[in-house]
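Q: What follows is upload.pdb, PDB, C-alpha atoms and all ligand atoms.
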ATOM      1  CA  ALA G   1     181.627 143.787 101.565
ATOM      2  CA  ASP G   2     179.037 145.817  99.640
ATOM      3  CA  PRO G   3     178.690 149.574 100.298
ATOM      4  CA  ASP G   4     176.175 150.704 102.916
ATOM      5  CA  PRO G   5     172.673 151.487 101.657
ATOM      6  CA  LEU G   6     171.513 155.103 101.760
ATOM      7  CA  GLN G   7     167.796 154.238 102.173
ATOM      8  CA  ASP G   8     165.724 151.517 103.902
ATOM      9  CA  PHE G   9     165.540 149.435 100.767
ATOM     10  CA  CYS G  10     165.878 149.604  97.014
ATOM     11  CA  VAL G  11     164.024 146.668  95.498
ATOM     12  CA  ALA G  12     165.842 145.926  92.244
ATOM     13  CA  ASP G  13     164.242 146.742  88.953
ATOM     14  CA  LEU G  14     165.828 143.805  87.132
ATOM     15  CA  LYS G  15     164.607 145.100  83.765
ATOM     16  CA  ALA G  16     166.848 148.151  84.103
ATOM     17  CA  SER G  17     170.590 147.814  83.497
ATOM     18  CA  PRO G  18     172.686 147.529  86.641
ATOM     19  CA  SER G  19     174.477 150.758  87.507
ATOM     20  CA  LEU G  20     177.602 151.308  89.590
ATOM     21  CA  ASN G  21     176.360 149.707  92.823
ATOM     22  CA  GLY G  22     173.491 147.413  91.948
ATOM     23  CA  PHE G  23     170.237 147.820  90.110
ATOM     24  CA  PRO G  24     168.084 150.953  90.035
ATOM     25  CA  CYS G  25     165.220 150.880  92.555
ATOM     26  CA  LYS G  26     161.750 149.863  91.529
ATOM     27  CA  PRO G  27     159.403 152.859  92.076
ATOM     28  CA  ALA G  28     158.321 153.020  95.766
ATOM     29  CA  GLU G  29     154.596 152.932  94.855
ATOM     30  CA  GLU G  30     155.108 149.560  93.147
ATOM     31  CA  VAL G  31     156.830 147.922  96.148
ATOM     32  CA  THR G  32     154.699 145.343  97.983
ATOM     33  CA  SER G  33     155.291 142.984 100.936
ATOM     34  CA  ASP G  34     156.040 140.205  98.441
ATOM     35  CA  ASP G  35     159.246 142.008  97.505
ATOM     36  CA  PHE G  36     160.700 141.144 100.929
ATOM     37  CA  PHE G  37     159.943 137.397 100.897
ATOM     38  CA  SER G  38     161.222 134.694  98.579
ATOM     39  CA  ASP G  39     160.815 131.008  97.732
ATOM     40  CA  ALA G  40     164.171 130.996  95.919
ATOM     41  CA  LEU G  41     165.701 128.430  98.300
ATOM     42  CA  SER G  42     162.646 126.270  98.977
ATOM     43  CA  LYS G  43     163.066 123.617  96.290
ATOM     44  CA  GLU G  44     165.179 120.501  96.344
ATOM     45  CA  SER G  45     167.542 120.329  93.326
ATOM     46  CA  ASN G  46     168.919 117.591  91.158
ATOM     47  CA  THR G  47     172.529 116.689  91.981
ATOM     48  CA  THR G  48     173.015 114.317  89.035
ATOM     49  CA  ASN G  49     175.906 116.110  87.327
ATOM     50  CA  ILE G  50     179.699 115.903  87.028
ATOM     51  CA  PHE G  51     180.361 117.091  90.587
ATOM     52  CA  GLY G  52     177.256 115.587  92.232
ATOM     53  CA  TRP G  53     176.134 118.940  93.498
ATOM     54  CA  SER G  54     173.760 121.829  93.141
ATOM     55  CA  VAL G  55     173.959 125.452  94.283
ATOM     56  CA  THR G  56     170.772 127.507  94.231
ATOM     57  CA  PRO G  57     171.365 131.226  94.764
ATOM     58  CA  ALA G  58     169.141 133.738  96.503
ATOM     59  CA  ASN G  59     171.012 136.815  95.380
ATOM     60  CA  VAL G  60     169.853 140.120  93.900
ATOM     61  CA  LEU G  61     169.114 138.379  90.590
ATOM     62  CA  THR G  62     166.667 135.848  92.081
ATOM     63  CA  PHE G  63     165.499 137.867  95.126
ATOM     64  CA  PRO G  64     165.420 141.519  94.009
ATOM     65  CA  GLY G  65     164.563 142.752  97.532
ATOM     66  CA  LEU G  66     168.217 142.095  98.471
ATOM     67  CA  ASN G  67     169.419 144.860  96.150
ATOM     68  CA  THR G  68     171.920 147.203  97.891
ATOM     69  CA  LEU G  69     171.521 145.464 101.293
ATOM     70  CA  GLY G  70     174.851 143.642 101.129
ATOM     71  CA  ILE G  71     173.528 140.157 101.928
ATOM     72  CA  SER G  72     172.525 136.989 100.096
ATOM     73  CA  MET G  73     172.290 133.222 100.600
ATOM     74  CA  ASN G  74     172.717 129.929  98.742
ATOM     75  CA  ARG G  75     171.119 126.541  99.152
ATOM     76  CA  VAL G  76     173.763 123.861  98.560
ATOM     77  CA  GLU G  77     172.941 120.187  98.034
ATOM     78  CA  ILE G  78     175.655 117.569  97.603
ATOM     79  CA  ALA G  79     175.130 113.878  96.798
ATOM     80  CA  PRO G  80     177.140 111.237  98.731
ATOM     81  CA  GLY G  81     180.709 111.476  97.411
ATOM     82  CA  GLY G  82     179.811 114.706  95.600
ATOM     83  CA  LEU G  83     181.815 117.914  95.719
ATOM     84  CA  ASN G  84     181.145 121.621  95.662
ATOM     85  CA  PRO G  85     184.386 122.153  93.733
ATOM     86  CA  PRO G  86     187.146 124.570  94.788
ATOM     87  CA  HIS G  87     185.902 128.098  94.128
ATOM     88  CA  SER G  88     186.093 131.624  95.506
ATOM     89  CA  HIS G  89     183.788 134.622  95.853
ATOM     90  CA  PRO G  90     185.469 137.860  94.780
ATOM     91  CA  ARG G  91     183.000 140.155  96.551
ATOM     92  CA  ALA G  92     182.092 138.451  99.851
ATOM     93  CA  SER G  93     183.034 136.420 102.874
ATOM     94  CA  GLU G  94     180.848 133.365 103.333
ATOM     95  CA  THR G  95     179.391 131.661 106.376
ATOM     96  CA  GLY G  96     177.446 128.420 106.251
ATOM     97  CA  VAL G  97     175.494 126.001 108.400
ATOM     98  CA  VAL G  98     175.051 122.295 107.719
ATOM     99  CA  ILE G  99     171.413 121.157 107.910
ATOM    100  CA  GLU G 100     171.821 117.508 106.909
ATOM    101  CA  GLY G 101     174.733 115.185 106.196
ATOM    102  CA  LYS G 102     178.454 115.163 106.836
ATOM    103  CA  LEU G 103     180.842 117.423 104.954
ATOM    104  CA  LEU G 104     184.547 118.074 104.775
ATOM    105  CA  VAL G 105     184.766 121.868 104.479
ATOM    106  CA  GLY G 106     188.092 123.507 103.713
ATOM    107  CA  PHE G 107     189.801 126.638 102.442
ATOM    108  CA  VAL G 108     193.350 127.771 101.677
ATOM    109  CA  THR G 109     194.765 131.071 102.943
ATOM    110  CA  THR G 110     196.918 133.549 101.017
ATOM    111  CA  SER G 111     199.876 132.024 102.935
ATOM    112  CA  ASN G 112     198.893 128.674 101.367
ATOM    113  CA  VAL G 113     197.746 127.154 104.671
ATOM    114  CA  PHE G 114     194.867 124.672 104.363
ATOM    115  CA  HIS G 115     192.177 124.784 107.084
ATOM    116  CA  SER G 116     189.519 122.073 107.137
ATOM    117  CA  LYS G 117     187.059 120.222 109.334
ATOM    118  CA  VAL G 118     184.355 117.580 109.010
ATOM    119  CA  LEU G 119     181.001 119.123 109.972
ATOM    120  CA  SER G 120     177.535 117.703 110.619
ATOM    121  CA  ALA G 121     174.062 119.134 111.268
ATOM    122  CA  GLY G 122     174.047 122.463 113.090
ATOM    123  CA  GLN G 123     177.754 123.122 112.700
ATOM    124  CA  MET G 124     179.036 126.231 110.946
ATOM    125  CA  PHE G 125     182.024 127.475 109.019
ATOM    126  CA  VAL G 126     183.358 130.773 107.711
ATOM    127  CA  ILE G 127     185.310 131.372 104.528
ATOM    128  CA  PRO G 128     187.188 134.692 104.448
ATOM    129  CA  ARG G 129     186.500 136.785 101.360
ATOM    130  CA  GLY G 130     188.165 135.683  98.143
ATOM    131  CA  LEU G 131     189.781 132.483  99.439
ATOM    132  CA  VAL G 132     189.488 129.181  97.555
ATOM    133  CA  HIS G 133     187.214 126.708  99.374
ATOM    134  CA  PHE G 134     185.143 123.545  98.853
ATOM    135  CA  GLN G 135     182.679 121.182 100.521
ATOM    136  CA  LEU G 136     182.973 117.414 100.013
ATOM    137  CA  ASN G 137     180.172 115.092 101.090
ATOM    138  CA  VAL G 138     181.933 112.455 103.208
ATOM    139  CA  GLY G 139     178.701 110.935 104.581
ATOM    140  CA  GLU G 140     176.300 108.268 103.354
ATOM    141  CA  GLU G 141     173.353 110.625 102.842
ATOM    142  CA  LYS G 142     172.688 113.646 100.694
ATOM    143  CA  ALA G 143     174.060 116.789 102.378
ATOM    144  CA  LEU G 144     172.137 120.047 102.657
ATOM    145  CA  LEU G 145     173.621 123.342 103.783
ATOM    146  CA  PHE G 146     172.755 127.010 103.612
ATOM    147  CA  THR G 147     175.415 129.633 103.099
ATOM    148  CA  SER G 148     175.269 133.401 103.404
ATOM    149  CA  PHE G 149     177.359 136.248 102.050
ATOM    150  CA  ASN G 150     178.005 139.898 102.827
ATOM    151  CA  SER G 151     177.199 140.919  99.271
ATOM    152  CA  HIS G 152     173.954 140.962  97.295
ATOM    153  CA  LEU G 153     175.919 139.357  94.422
ATOM    154  CA  PRO G 154     179.085 137.666  95.759
ATOM    155  CA  GLY G 155     180.183 136.272  92.391
ATOM    156  CA  VAL G 156     181.857 132.912  92.015
ATOM    157  CA  VAL G 157     185.081 131.785  90.355
ATOM    158  CA  ILE G 158     185.072 127.978  90.051
ATOM    159  CA  ALA G 159     188.729 126.914  89.859
ATOM    160  CA  PRO G 160     188.440 123.847  87.576
ATOM    161  CA  THR G 161     186.037 125.460  85.117
ATOM    162  CA  SER G 162     187.886 128.815  85.112
ATOM    163  CA  LEU G 163     191.124 127.068  84.221
ATOM    164  CA  PHE G 164     189.972 124.182  82.027
ATOM    165  CA  ALA G 165     186.588 125.158  80.618
ATOM    166  CA  SER G 166     186.713 128.871  79.814
ATOM    167  CA  SER G 167     185.596 130.184  76.456
ATOM    168  CA  PRO G 168     187.689 130.647  74.538
ATOM    169  CA  PRO G 169     190.017 128.133  76.270
ATOM    170  CA  ILE G 170     193.261 129.127  78.013
ATOM    171  CA  PRO G 171     196.117 128.007  75.690
ATOM    172  CA  ASN G 172     197.646 124.619  76.587
ATOM    173  CA  GLN G 173     201.060 126.302  76.689
ATOM    174  CA  VAL G 174     199.915 128.252  79.751
ATOM    175  CA  LEU G 175     198.373 125.251  81.503
ATOM    176  CA  THR G 176     201.235 122.801  80.827
ATOM    177  CA  LYS G 177     203.667 125.296  82.343
ATOM    178  CA  ALA G 178     201.403 126.200  85.266
ATOM    179  CA  PHE G 179     200.728 122.584  86.242
ATOM    180  CA  ARG G 180     204.084 121.148  85.061
ATOM    181  CA  VAL G 181     202.495 118.351  83.056
ATOM    182  CA  GLY G 182     202.322 117.387  79.385
ATOM    183  CA  GLU G 183     199.764 118.569  76.872
ATOM    184  CA  ASP G 184     198.031 115.151  76.933
ATOM    185  CA  THR G 185     197.214 115.605  80.619
ATOM    186  CA  ILE G 186     195.781 119.071  79.972
ATOM    187  CA  GLU G 187     193.736 117.749  77.032
ATOM    188  CA  THR G 188     192.410 114.918  79.213
ATOM    189  CA  ILE G 189     191.270 117.391  81.864
ATOM    190  CA  LYS G 190     189.755 119.774  79.292
ATOM    191  CA  SER G 191     187.844 116.874  77.698
ATOM    192  CA  LYS G 192     186.031 116.196  80.992
ATOM    193  CA  PHE G 193     184.111 119.478  80.651
ATOM    194  CA  GLY G 194     181.853 118.976  77.626
TER     195      GLY G 194
HETATM  196  C1  LIG G 201     179.444 127.368  99.178
HETATM  197  O1  LIG G 201     180.665 127.397  99.207
HETATM  198  C2  LIG G 201     178.668 128.379  98.502
HETATM  199  O2  LIG G 201     179.320 129.189  97.810
HETATM  200  O3  LIG G 201     177.440 128.430  98.638
HETATM  201 MN    MN G 202     181.394 129.340  98.397
END
As structure tokens, please, write out the structure in this file.

A:
Amino acid sequence: ADPDPLQDFCVADLKASPSLNGFPCKPAEEVTSDDFFSDALSKESNTTNIFGWSVTPANVLTFPGLNTLGISMNRVEIAPGGLNPPHSHPRASETGVVIEGKLLVGFVTTSNVFHSKVLSAGQMFVIPRGLVHFQLNVGEEKALLFTSFNSHLPGVVIAPTSLFASSPPIPNQVLTKAFRVGEDTIETIKSKFG
């Protein structure tokens, strides 16, 4: 979903402030082959956390060679029973391939239709831009998948943390009305995000 580049590449100068469409280019004479290769997704991550998951991004911020090219990837690891919680990417569609494990992958359309499927190694999915989606590990082993995006910085809005763990917090009056529950329920949910 990013604009088309107007040159072969524009390796990001991350020390400069981002301008309208990405970072300024590092001077051509300083560009080397290393700018087009990255180890950003090579390491296994710890999934010992509240959701049992880890997302490692290779976007313009961690792989500056992607700047202005309209693509990026994530490495996603999910422990058995763990969840990549419902979230959306405001600037990109997403496609993914499962490398290891068994995952329930789902998203909800703007007509509120839920599409989902259990996937295993080699199988793919696509999440249309901006729609809320998740991956739940329904297997016995750790799951590993790689996702890719048509943006060098797709952005992510994580539904539970956006609603219940923003700073400053959304007033309880908004959340009790939105979810049609009492303040105690909202407080309980908020307290889960330390
Ligand atoms: C998975 O949904 C991801 O955003 O990498
Ligand atoms: Mn996603």

Q: For G:Trp53, list every protein, DNA or RNA residue within 10 Å, evaluated using all atoms listed in the file, and leave out those in the same chain fewer than 2 positions away; present the list as a list of chain:residue names.

A: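 Residues meeting the cut-off are G:Ser45, G:Asn46, G:Thr47, G:Thr48, G:Asn49, G:Ile50, G:Phe51, G:Val55, G:Val76, G:Glu77, G:Ile78, G:Ala79, G:Pro80, G:Gly81, G:Gly82, G:Leu83, G:Asn84, G:Pro85, G:Gln135, G:Leu136, G:Asn137, G:Lys142, G:Ala143.
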
Q: Using only C-alpha atoms and a cutoff of 12 Å, can you tell me which residues are near (161.7, 136.6, 103.6) in the file's coordinates, and write them out as a ChimeraX atom specification?

A: /G:33-42,58,63-66,72-73

Q: So which residues are near ligand LIG 201 (chain G), meaning at most 8 Å away with all atoms listed in the file counted, given back as a list in words?

A: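 Here is the list of contacting residues: Val55, Pro57, Met73, Asn74, Arg75, Val76, Asn84, His87, Ser88, His89, Glu94, Gly96, His133, Phe134, Gln135, Phe146, Thr147, Ser148 and Val156 of chain G.
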
Q: For this structure, which residues satisfy the selection - the PyMOL selection byres (((chain G and resi 118-132) around 8) and not hetatm) - when it is evaluated on the file as given? I want them as a list in words.

A: Pro86, His87, Ser88, His89, Pro90, Arg91, Ala92, Ser93, Glu94, Thr95, Gly96, Val97, Val98, Ile99, Glu100, Gly101, Lys102, Leu103, Leu104, Val105, Phe107, Val108, Thr109, Thr110, Ser116, Lys117, His133 and Phe134 of chain G

Q: For a quick check of understanding, using all atoms listed in the file, which of G:Thr188, G:Asn150, G:Ser19, G:Thr32 has the smallest distance to ligand MN 202 (chain G)?

A: G:Asn150

Q: Between atom CA of G:Asp4 and atom CA of G:Gly22, measure the distance and give it in Å to one decimal.

A: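 Interatomic distance, atom CA of G:Asp4 to atom CA of G:Gly22: 11.8 Å.
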
Q: Suppose you want the space between atom CA of G:Ile71 and atom CA of G:Gln7; what is it in Å?

A: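 Interatomic distance here is 15.2 Å.
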
Q: Given the file above and the PyMOL selection byres (((chain G and resi 69) around 8) and not hetatm), which residues are selected, and can you give them as a ChimeraX atom specification?

A: /G:2,4-5,9,66-68,70-71,151-152

Q: Using C-alpha atoms, can you write the selected residues to a file as a PDB file, in the coordinates of the input?

A:
ATOM      1  CA  ASP G   2     179.037 145.817  99.640  1.00  0.00           C
ATOM      2  CA  ASP G   4     176.175 150.704 102.916  1.00  0.00           C
ATOM      3  CA  PRO G   5     172.673 151.487 101.657  1.00  0.00           C
ATOM      4  CA  PHE G   9     165.540 149.435 100.767  1.00  0.00           C
ATOM      5  CA  LEU G  66     168.217 142.095  98.471  1.00  0.00           C
ATOM      6  CA  ASN G  67     169.419 144.860  96.150  1.00  0.00           C
ATOM      7  CA  THR G  68     171.920 147.203  97.891  1.00  0.00           C
ATOM      8  CA  GLY G  70     174.851 143.642 101.129  1.00  0.00           C
ATOM      9  CA  ILE G  71     173.528 140.157 101.928  1.00  0.00           C
ATOM     10  CA  SER G 151     177.199 140.919  99.271  1.00  0.00           C
ATOM     11  CA  HIS G 152     173.954 140.962  97.295  1.00  0.00           C
TER      12      HIS G 152
END

Q: Rank nothing, just name the residue among G:Val113, G:Cys25, G:Ala159, G:Ala16 nearest to ligand MN 202 (chain G), using all atoms listed in the file.

A: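 When distances to ligand MN 202 (chain G) are compared using all atoms listed in the file, the smallest one comes from G:Ala159.
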
Q: Could you tell me how far atom CA of G:Gly106 sits from atom CA of G:Glu183, in Å to one decimal place?

A: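 Atom-to-atom, atom CA of G:Glu183 and atom CA of G:Gly106 are spaced 29.7 Å apart.
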
Q: Applying 12 Å and all atoms listed in the file, which residues near G:Gly194 remain after dropping the ones on its own chain fewer than 4 positions away? List them as a ChimeraX atom specification.

A: /G:49-50,161,164-167,187-190

Q: Let me know the centre plus edge lengths, in Å and rounded to one decimal, of a box with edges along x, y and z that contains all listed atoms of stretch 103-113 of chain G and is padded by 6 Å on every side, as JSON.

A:
{"center_x": 190.4, "center_y": 125.5, "center_z": 103.0, "size_x": 31.0, "size_y": 28.1, "size_z": 15.9}

Q: Counting all atoms listed in the file, which residue out of G:Leu20, G:Leu144, G:Val157, G:Pro27 sits closest to ligand MN 202 (chain G)?

A: G:Val157

Q: Please determine, counting only C-alpha atoms and all ligand atoms, which residue among G:Val181, G:Val11, G:Ile158, G:Ile170 has the shortest atom-to-atom distance to ligand MN 202 (chain G).

A: G:Ile158

Q: Let me make sure I understand: among G:Ala1, G:Phe149, G:Leu6, G:Ile186, which one has the smallest atom-to-atom distance to ligand MN 202 (chain G) if we use all atoms listed in the file?

A: G:Phe149

Q: From the options G:Ser54, G:Ser191, G:Thr176, G:Asn21, which residue's atoms come nearest to ligand MN 202 (chain G), counting only C-alpha atoms and all ligand atoms?

A: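 The shortest atom-to-atom distance to ligand MN 202 (chain G) comes from G:Ser54.
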